[in-house]
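Shown next: input_35.cif, containing mmCIF, C-alpha atoms and all ligand atoms.
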```cif
data_protein
#
loop_
_atom_site.label_atom_id
_atom_site.label_comp_id
_atom_site.auth_asym_id
_atom_site.auth_seq_id
_atom_site.Cartn_x
_atom_site.Cartn_y
_atom_site.Cartn_z
CA MET A 70 87.64 109.70 77.33
CA LYS A 71 86.23 107.59 80.18
CA VAL A 72 86.07 108.93 83.72
CA ALA A 73 85.22 106.60 86.61
CA ILE A 74 83.74 107.92 89.84
CA ILE A 75 84.42 105.52 92.69
CA GLY A 76 81.66 106.25 95.23
CA GLY A 77 79.63 107.74 92.37
CA THR A 78 76.41 106.73 94.14
CA GLY A 79 77.05 109.26 96.94
CA THR A 80 75.97 112.89 97.25
CA MET A 81 79.12 114.32 95.75
CA GLY A 82 79.88 111.58 93.22
CA ARG A 83 76.40 111.64 91.74
CA GLU A 84 76.37 115.42 91.15
CA LEU A 85 79.89 115.45 89.74
CA ALA A 86 78.91 112.55 87.45
CA ARG A 87 76.02 114.60 86.05
CA LYS A 88 78.33 117.53 85.34
CA LEU A 89 81.16 115.52 83.79
CA SER A 90 78.79 113.44 81.67
CA LYS A 91 78.33 116.50 79.43
CA ASN A 92 81.93 116.10 78.19
CA TYR A 93 83.08 112.60 79.14
CA GLU A 94 81.89 109.01 79.18
CA VAL A 95 81.17 108.53 82.88
CA VAL A 96 81.38 105.20 84.69
CA ILE A 97 79.72 105.12 88.11
CA GLY A 98 81.53 102.78 90.51
CA SER A 99 79.88 101.26 93.57
CA ARG A 100 80.67 98.42 95.96
CA ASP A 101 77.29 97.14 94.78
CA SER A 102 77.04 97.02 90.99
CA ALA A 103 73.21 97.03 91.13
CA ARG A 104 73.38 100.34 93.02
CA ALA A 105 75.84 101.69 90.45
CA LYS A 106 73.51 100.72 87.60
CA ALA A 107 70.54 102.35 89.34
CA THR A 108 72.49 105.61 89.80
CA ALA A 109 73.75 105.50 86.21
CA MET A 110 70.12 105.46 85.03
CA GLU A 111 69.84 108.99 86.48
CA VAL A 112 72.96 110.28 84.69
CA ALA A 113 72.68 110.80 80.94
CA GLY A 114 75.00 108.47 79.04
CA ALA A 115 76.60 106.96 82.14
CA ILE A 116 77.07 103.30 82.90
CA GLY A 117 77.39 101.67 86.33
CA THR A 118 79.47 98.79 87.60
CA ASP A 119 81.58 97.68 90.57
CA TYR A 120 84.74 99.52 91.66
CA HIS A 121 87.11 97.18 89.84
CA GLY A 122 85.14 97.31 86.56
CA ALA A 123 84.85 101.10 86.70
CA ALA A 124 88.53 101.71 87.49
CA GLU A 125 89.81 99.20 84.95
CA ALA A 126 87.65 100.58 82.12
CA SER A 127 88.50 104.25 82.63
CA ASP A 128 91.31 106.68 81.77
CA VAL A 129 90.80 108.88 84.84
CA VAL A 130 89.54 107.62 88.21
CA ILE A 131 87.94 109.98 90.73
CA PHE A 132 87.54 108.90 94.36
CA ALA A 133 84.42 110.35 96.04
CA ILE A 134 84.50 108.04 99.06
CA PRO A 135 84.70 108.74 102.81
CA TYR A 136 88.16 109.14 104.36
CA GLU A 137 87.61 105.96 106.38
CA ALA A 138 87.30 103.93 103.16
CA ILE A 139 90.73 104.76 101.69
CA ARG A 140 92.44 101.54 102.78
CA SER A 141 89.61 99.43 101.37
CA VAL A 142 90.37 100.61 97.79
CA ALA A 143 93.98 99.35 97.78
CA PRO A 144 93.00 96.28 95.69
CA LEU A 145 92.28 98.73 92.81
CA ALA A 146 96.00 99.58 92.50
CA PRO A 147 96.60 97.47 89.35
CA ASP A 148 93.50 99.01 87.70
CA VAL A 149 94.71 102.60 88.18
CA SER A 150 98.43 102.10 87.60
CA GLY A 151 99.77 104.91 85.37
CA LYS A 152 96.40 106.71 85.42
CA LEU A 153 95.33 110.07 86.78
CA VAL A 154 93.59 109.58 90.13
CA ILE A 155 91.62 112.48 91.60
CA SER A 156 91.07 112.62 95.36
CA MET A 157 88.20 114.78 96.55
CA ILE A 158 88.34 113.13 99.97
CA ASN A 159 88.23 115.34 103.08
CA PRO A 160 88.83 113.85 106.53
CA MET A 161 86.40 115.64 108.84
CA ARG A 162 83.85 115.16 111.60
CA MET A 163 81.36 117.19 113.60
CA GLU A 164 82.42 118.54 116.99
CA GLY A 165 79.37 120.11 118.59
CA GLU A 166 77.85 122.44 116.02
CA LEU A 167 80.98 122.74 113.89
CA PHE A 168 83.04 120.69 111.46
CA VAL A 169 86.66 119.95 112.29
CA TYR A 170 89.47 118.49 110.17
CA ASP A 171 90.03 114.92 111.29
CA GLY A 172 92.93 113.49 109.32
CA GLY A 173 96.12 111.71 110.29
CA ALA A 174 99.72 112.84 109.90
CA ALA A 175 99.42 112.71 106.10
CA SER A 176 96.67 114.19 103.91
CA ALA A 177 93.90 111.97 102.58
CA ALA A 178 95.38 112.44 99.08
CA GLU A 179 98.77 111.16 100.27
CA GLU A 180 97.08 108.20 101.96
CA LEU A 181 95.24 107.45 98.71
CA ALA A 182 98.53 107.68 96.77
CA HIS A 183 100.06 105.26 99.28
CA ALA A 184 97.15 102.83 98.80
CA LEU A 185 97.41 103.12 94.99
CA PRO A 186 101.15 103.06 94.14
CA GLY A 187 101.90 103.68 90.46
CA SER A 188 98.95 106.02 89.99
CA LYS A 189 99.24 109.80 89.52
CA VAL A 190 97.24 111.38 92.34
CA ALA A 191 95.96 114.96 92.40
CA THR A 192 93.36 116.70 94.54
CA ALA A 193 90.39 118.44 92.89
CA PHE A 194 86.84 119.48 93.81
CA ASN A 195 87.51 119.01 97.56
CA ASN A 196 85.98 122.38 98.42
CA VAL A 197 83.11 122.42 95.92
CA PRO A 198 79.70 121.70 97.48
CA PRO A 199 77.42 119.33 95.54
CA ARG A 200 74.85 122.14 95.11
CA PHE A 201 77.26 123.92 92.79
CA PHE A 202 77.37 120.92 90.45
CA GLU A 203 73.57 120.86 90.40
CA MET A 204 73.54 124.32 88.80
CA GLU A 205 73.29 124.57 85.02
CA THR A 206 75.81 127.46 85.10
CA VAL A 207 78.28 127.24 87.97
CA PRO A 208 79.41 130.57 89.54
CA PRO A 209 83.18 131.23 89.17
CA VAL A 210 85.06 128.85 91.46
CA ASP A 211 88.74 128.16 92.08
CA VAL A 212 89.48 124.45 92.26
CA LEU A 213 92.66 123.72 94.19
CA VAL A 214 94.80 121.05 92.58
CA ALA A 215 97.70 119.63 94.57
CA ALA A 216 99.92 117.30 92.55
CA ASP A 217 103.51 116.11 92.63
CA SER A 218 104.31 116.98 89.01
CA LYS A 219 103.40 119.68 86.50
CA GLU A 220 102.15 116.94 84.13
CA THR A 221 99.75 115.51 86.72
CA PHE A 222 98.56 119.02 87.58
CA GLU A 223 97.92 119.77 83.89
CA GLU A 224 95.97 116.53 83.39
CA ALA A 225 93.77 117.29 86.40
CA ALA A 226 93.45 120.95 85.37
CA LYS A 227 92.10 119.92 81.96
CA LEU A 228 89.32 117.93 83.63
CA VAL A 229 88.51 120.88 85.93
CA ARG A 230 88.41 123.31 82.98
CA SER A 231 85.86 121.09 81.22
CA ILE A 232 83.34 122.54 83.69
CA ARG A 233 82.63 126.13 82.68
CA GLU A 234 83.64 128.75 85.27
CA MET A 235 85.85 126.33 87.21
CA ARG A 236 89.43 127.59 87.36
CA PRO A 237 92.12 125.09 88.39
CA MET A 238 94.83 126.53 90.62
CA HIS A 239 98.05 124.70 91.41
CA ALA A 240 98.18 124.32 95.21
CA GLY A 241 101.62 122.70 95.41
CA PRO A 242 102.72 119.08 95.86
CA LEU A 243 100.60 116.42 97.57
CA SER A 244 102.43 117.20 100.82
CA HIS A 245 100.34 120.42 100.77
CA ALA A 246 97.04 118.63 100.15
CA LYS A 247 96.14 118.74 103.83
CA VAL A 248 95.73 122.51 103.56
CA VAL A 249 93.37 122.06 100.61
CA GLU A 250 91.33 119.40 102.43
CA SER A 251 91.06 121.46 105.61
CA ILE A 252 89.39 124.34 103.73
CA THR A 253 86.20 122.26 103.48
CA PRO A 254 85.35 122.23 107.23
CA LEU A 255 86.15 125.97 107.30
CA VAL A 256 83.84 126.71 104.35
CA LEU A 257 81.03 124.57 105.83
CA ASN A 258 81.37 126.40 109.16
CA LEU A 259 81.39 129.79 107.42
CA SER A 260 78.21 128.86 105.61
CA ARG A 261 76.57 127.61 108.81
CA LEU A 262 77.65 130.49 111.07
CA ASN A 263 76.88 133.24 108.57
CA GLY A 264 73.75 131.80 106.98
CA THR A 265 75.13 132.20 103.47
CA GLY A 266 73.98 128.96 101.88
CA ALA A 267 76.53 126.79 100.01
CA LEU A 268 79.94 128.44 99.63
CA ALA A 269 82.92 127.62 97.44
CA THR A 270 86.36 129.23 97.10
CA ARG A 271 87.26 132.05 94.73
CA PHE A 272 90.45 134.07 95.14
CA VAL A 273 90.51 137.67 94.04
CA THR A 274 93.42 139.48 92.42
CA ARG A 275 94.37 143.11 92.91
CA LYS A 276 94.54 144.69 89.49
CA GLY A 277 97.43 147.07 88.67
N1 LIG B 301 79.40 116.56 100.30
C1 LIG B 301 80.28 117.59 100.19
O1 LIG B 301 79.96 118.76 100.42
C2 LIG B 301 81.66 117.32 99.71
C3 LIG B 301 82.33 118.29 98.96
C4 LIG B 301 83.60 118.01 98.49
C5 LIG B 301 84.21 116.80 98.82
N2 LIG B 301 83.54 115.88 99.58
C6 LIG B 301 84.19 114.62 99.93
O2 LIG B 301 83.74 113.65 99.01
C7 LIG B 301 83.69 112.38 99.67
C8 LIG B 301 82.27 111.82 99.52
O3 LIG B 301 81.35 112.67 100.17
P1 LIG B 301 79.78 112.47 100.04
O4 LIG B 301 79.16 113.56 100.79
O5 LIG B 301 79.41 112.26 98.61
O6 LIG B 301 79.60 111.08 100.83
P2 LIG B 301 78.43 109.98 100.67
O7 LIG B 301 77.18 110.61 100.19
O8 LIG B 301 78.41 109.24 101.95
O9 LIG B 301 78.95 109.01 99.51
C9 LIG B 301 80.14 108.32 99.61
C10 LIG B 301 80.08 107.06 98.74
O10 LIG B 301 81.28 106.34 99.01
C11 LIG B 301 81.02 104.94 98.92
N3 LIG B 301 81.71 104.24 100.01
C12 LIG B 301 82.80 103.46 99.89
N4 LIG B 301 83.21 102.99 101.04
C13 LIG B 301 82.34 103.44 101.97
C14 LIG B 301 82.24 103.27 103.37
N5 LIG B 301 83.12 102.54 104.08
N6 LIG B 301 81.23 103.91 104.01
C15 LIG B 301 80.34 104.67 103.34
N7 LIG B 301 80.40 104.86 101.98
C16 LIG B 301 81.39 104.25 101.31
C17 LIG B 301 79.52 104.77 98.93
O11 LIG B 301 79.17 104.23 97.67
P3 LIG B 301 78.88 102.64 97.46
O12 LIG B 301 78.31 102.13 98.75
O13 LIG B 301 77.87 102.68 96.35
O14 LIG B 301 80.18 102.04 97.10
C18 LIG B 301 78.93 106.15 99.06
O15 LIG B 301 77.85 106.37 98.17
C19 LIG B 301 84.07 112.60 101.14
O16 LIG B 301 85.42 112.27 101.36
C20 LIG B 301 83.84 114.10 101.32
O17 LIG B 301 84.67 114.65 102.32
C21 LIG B 301 82.27 116.11 100.00
#
```

Go ahead and render the structure in this file as structure tokens.
Ligand SMILES: NC(=O)c1ccc[n+]([C@@H]2O[C@H](COP(=O)([O-])OP(=O)(O)OC[C@H]3O[C@@H](n4cnc5c(N)ncnc54)[C@H](OP(=O)(O)O)[C@@H]3O)[C@@H](O)[C@H]2O)c1
Amino acid sequence: MKVAIIGGTGTMGRELARKLSKNYEVVIGSRDSARAKATAMEVAGAIGTDYHGAAEASDVVIFAIPYEAIRSVAPLAPDVSGKLVISMINPMRMEGELFVYDGGAASAAEELAHALPGSKVATAFNNVPPRFFEMETVPPVDVLVAADSKETFEEAAKLVRSIREMRPMHAGPLSHAKVVESITPLVLNLSRLNGTGALATRFVTRKG
């Protein structure tokens, strides 16, 4: 199965590409195909091309782009029609020493779904720092997947489960994606204020 990473040349996209390339054929997408090819050279088995080529050639398309870039990917709508689209986009900015959520009325995932009608959008990996993907064995992490149908959730969950120790958790419909996205500034602030190093989410269950 082919998985495209749009923005795969960035910090997050590149590390996720390395991880997913162990189980999938990865296509790195960049606005500049030369940059995509250069990044693909660093990811075993991956190829690199422009956004359109990557999205068209793949079964699943992951968006690892800044929030501000969502509208610019609307021309990819025909390429991703009917396909699973993963949004790991978090709208945020720095305010003084801390990160704050900086989205609009809708979540970034809903905005992406609006830009790409006909695709099946789910959130995933929004709260996972790139350092976790760098690790050979990832510590147990819960990956929050918001999606509008059980089928879309299951498709996204399968991709998440392909990374050992990553547990997909259904976080509700896309209208709840804002909650998922806003965990990232919180986690970054927790890490910064408490000197913990990179943090990711894991929910604990009371036994019995
Ligand atoms: N870093 C984290 O800790 C983390 C964790 C989870 C989720 N995220 C989310 O993942 C997304 C990517 O984060 P990142 O840290 O990987 O960002 P990044 O290093 O800046 O990479 C983003 C990539 O998006 C592409 N892009 C497309 N349109 C762009 C534009 N208008 N301006 C700048 N880049 C543009 C660029 O690739 P080309 O120029 O090659 O097209 C760039 O390499 C963000 O929405 C972020 O909130 C980040």

Please identify all polymer residues lying at most 10 Å from the point (98.8, 128.3, 92.6) (file coordinates), using all atoms listed in the file, and present the result as a PyMOL selection string.
chain A and resi 213-215+237-241

Show me which residues sit within 6 Å of ligand LIG 301 (chain B) when counting only C-alpha atoms and all ligand atoms, and put them as JSON, numbers by chain.
{"A": [76, 78, 79, 80, 81, 82, 99, 100, 101, 133, 134, 135, 136, 138, 157, 158, 159, 160, 194, 195, 196, 197, 198, 199]}

Just checking: using only C-alpha atoms, which residue out of A:Ile232, A:Met161, A:Leu259, A:Ala175 ends up closest to Ser244 (chain A)?
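Closest residue, counting only C-alpha atoms: A:Ala175.
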
Can you write out as a tab-separated table which residues of region 98-152 of chain A fall within 9 Å of region 186-189 of chain A, alongside each residue's closest atom pair and its distance in Å to one decimal, counting only C-alpha atoms and ordering rows by chain and ascending residue number?
```
residue	atom	partner	partner_atom	distance
A:Ala143	CA	A:Pro186	CA	8.9
A:Ala146	CA	A:Pro186	CA	6.4
A:Pro147	CA	A:Gly187	CA	8.2
A:Val149	CA	A:Ser188	CA	5.7
A:Ser150	CA	A:Ser188	CA	4.6
A:Gly151	CA	A:Ser188	CA	4.8
A:Lys152	CA	A:Ser188	CA	5.3
```

Env of Ala113 (chain A): 12 Å cut, atoms = all atoms listed in the file, seq-sep filter 4 positions within chain, self excluded. Answer as a ChimeraX atom specification.
/A:83-84,86-97,108-109,117

Just the number, please: distance in Å from CA of Val190 (chain A) to CA of Ala216 (chain A), one decimal.
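For CA of Val190 (chain A) relative to CA of Ala216 (chain A), the distance reads 6.5 Å.
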
With distances taken over only C-alpha atoms, which of A:Gly277, A:Ala115, A:Val154, A:Leu257 is nearest to Ala225 (chain A)?
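Among the listed residues, A:Val154 lies closest to Ala225 (chain A).
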
Taking only C-alpha atoms into account, name the residue in A:Ala174, A:Arg233, A:Ala103, A:Ile75 that is nearest to Ser141 (chain A).
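Ranked by minimum distance to Ser141 (chain A), first place goes to A:Ile75.
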
Quick one: residues within 8 Å of Leu145 (chain A), all atoms listed in the file counted, chain neighbours fewer than 4 positions away excluded, as a compact mmCIF listing (two decimals) with C-alpha atoms, keeping the file's coordinate frame?
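In the end it all went to out07.txt:
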```
# COMPACT_ATOMS: atom_id res chain seq x y z
CA TYR A 120 84.74 99.52 91.66
CA HIS A 121 87.11 97.18 89.84
CA ALA A 124 88.53 101.71 87.49
CA VAL A 149 94.71 102.60 88.18
CA LEU A 185 97.41 103.12 94.99
```

Fewer than 3 positions away in the same chain doesn't count, so skip those; otherwise give me all residues within 7 Å of region 164-172 of chain A, counting only C-alpha atoms, as number ranges by chain.
A: 160-161, 176-177, 251, 254, 258

Distance of CA of Phe201 (chain A) from CA of Arg236 (chain A), expressed in Å to one decimal place
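Those two atoms sit 13.8 Å apart.
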
With distances taken over only C-alpha atoms, which residue among A:Ala105, A:Ala178, A:Ala123, A:Met163 lies nearest His245 (chain A)?
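The answer is A:Ala178, which sits nearest to His245 (chain A).
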
Coordinates-based distance that separates CA of Ile155 (chain A) from CA of Ala191 (chain A) (Å, one decimal):
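Going from CA of Ala191 (chain A) over to CA of Ile155 (chain A) covers 5.1 Å.
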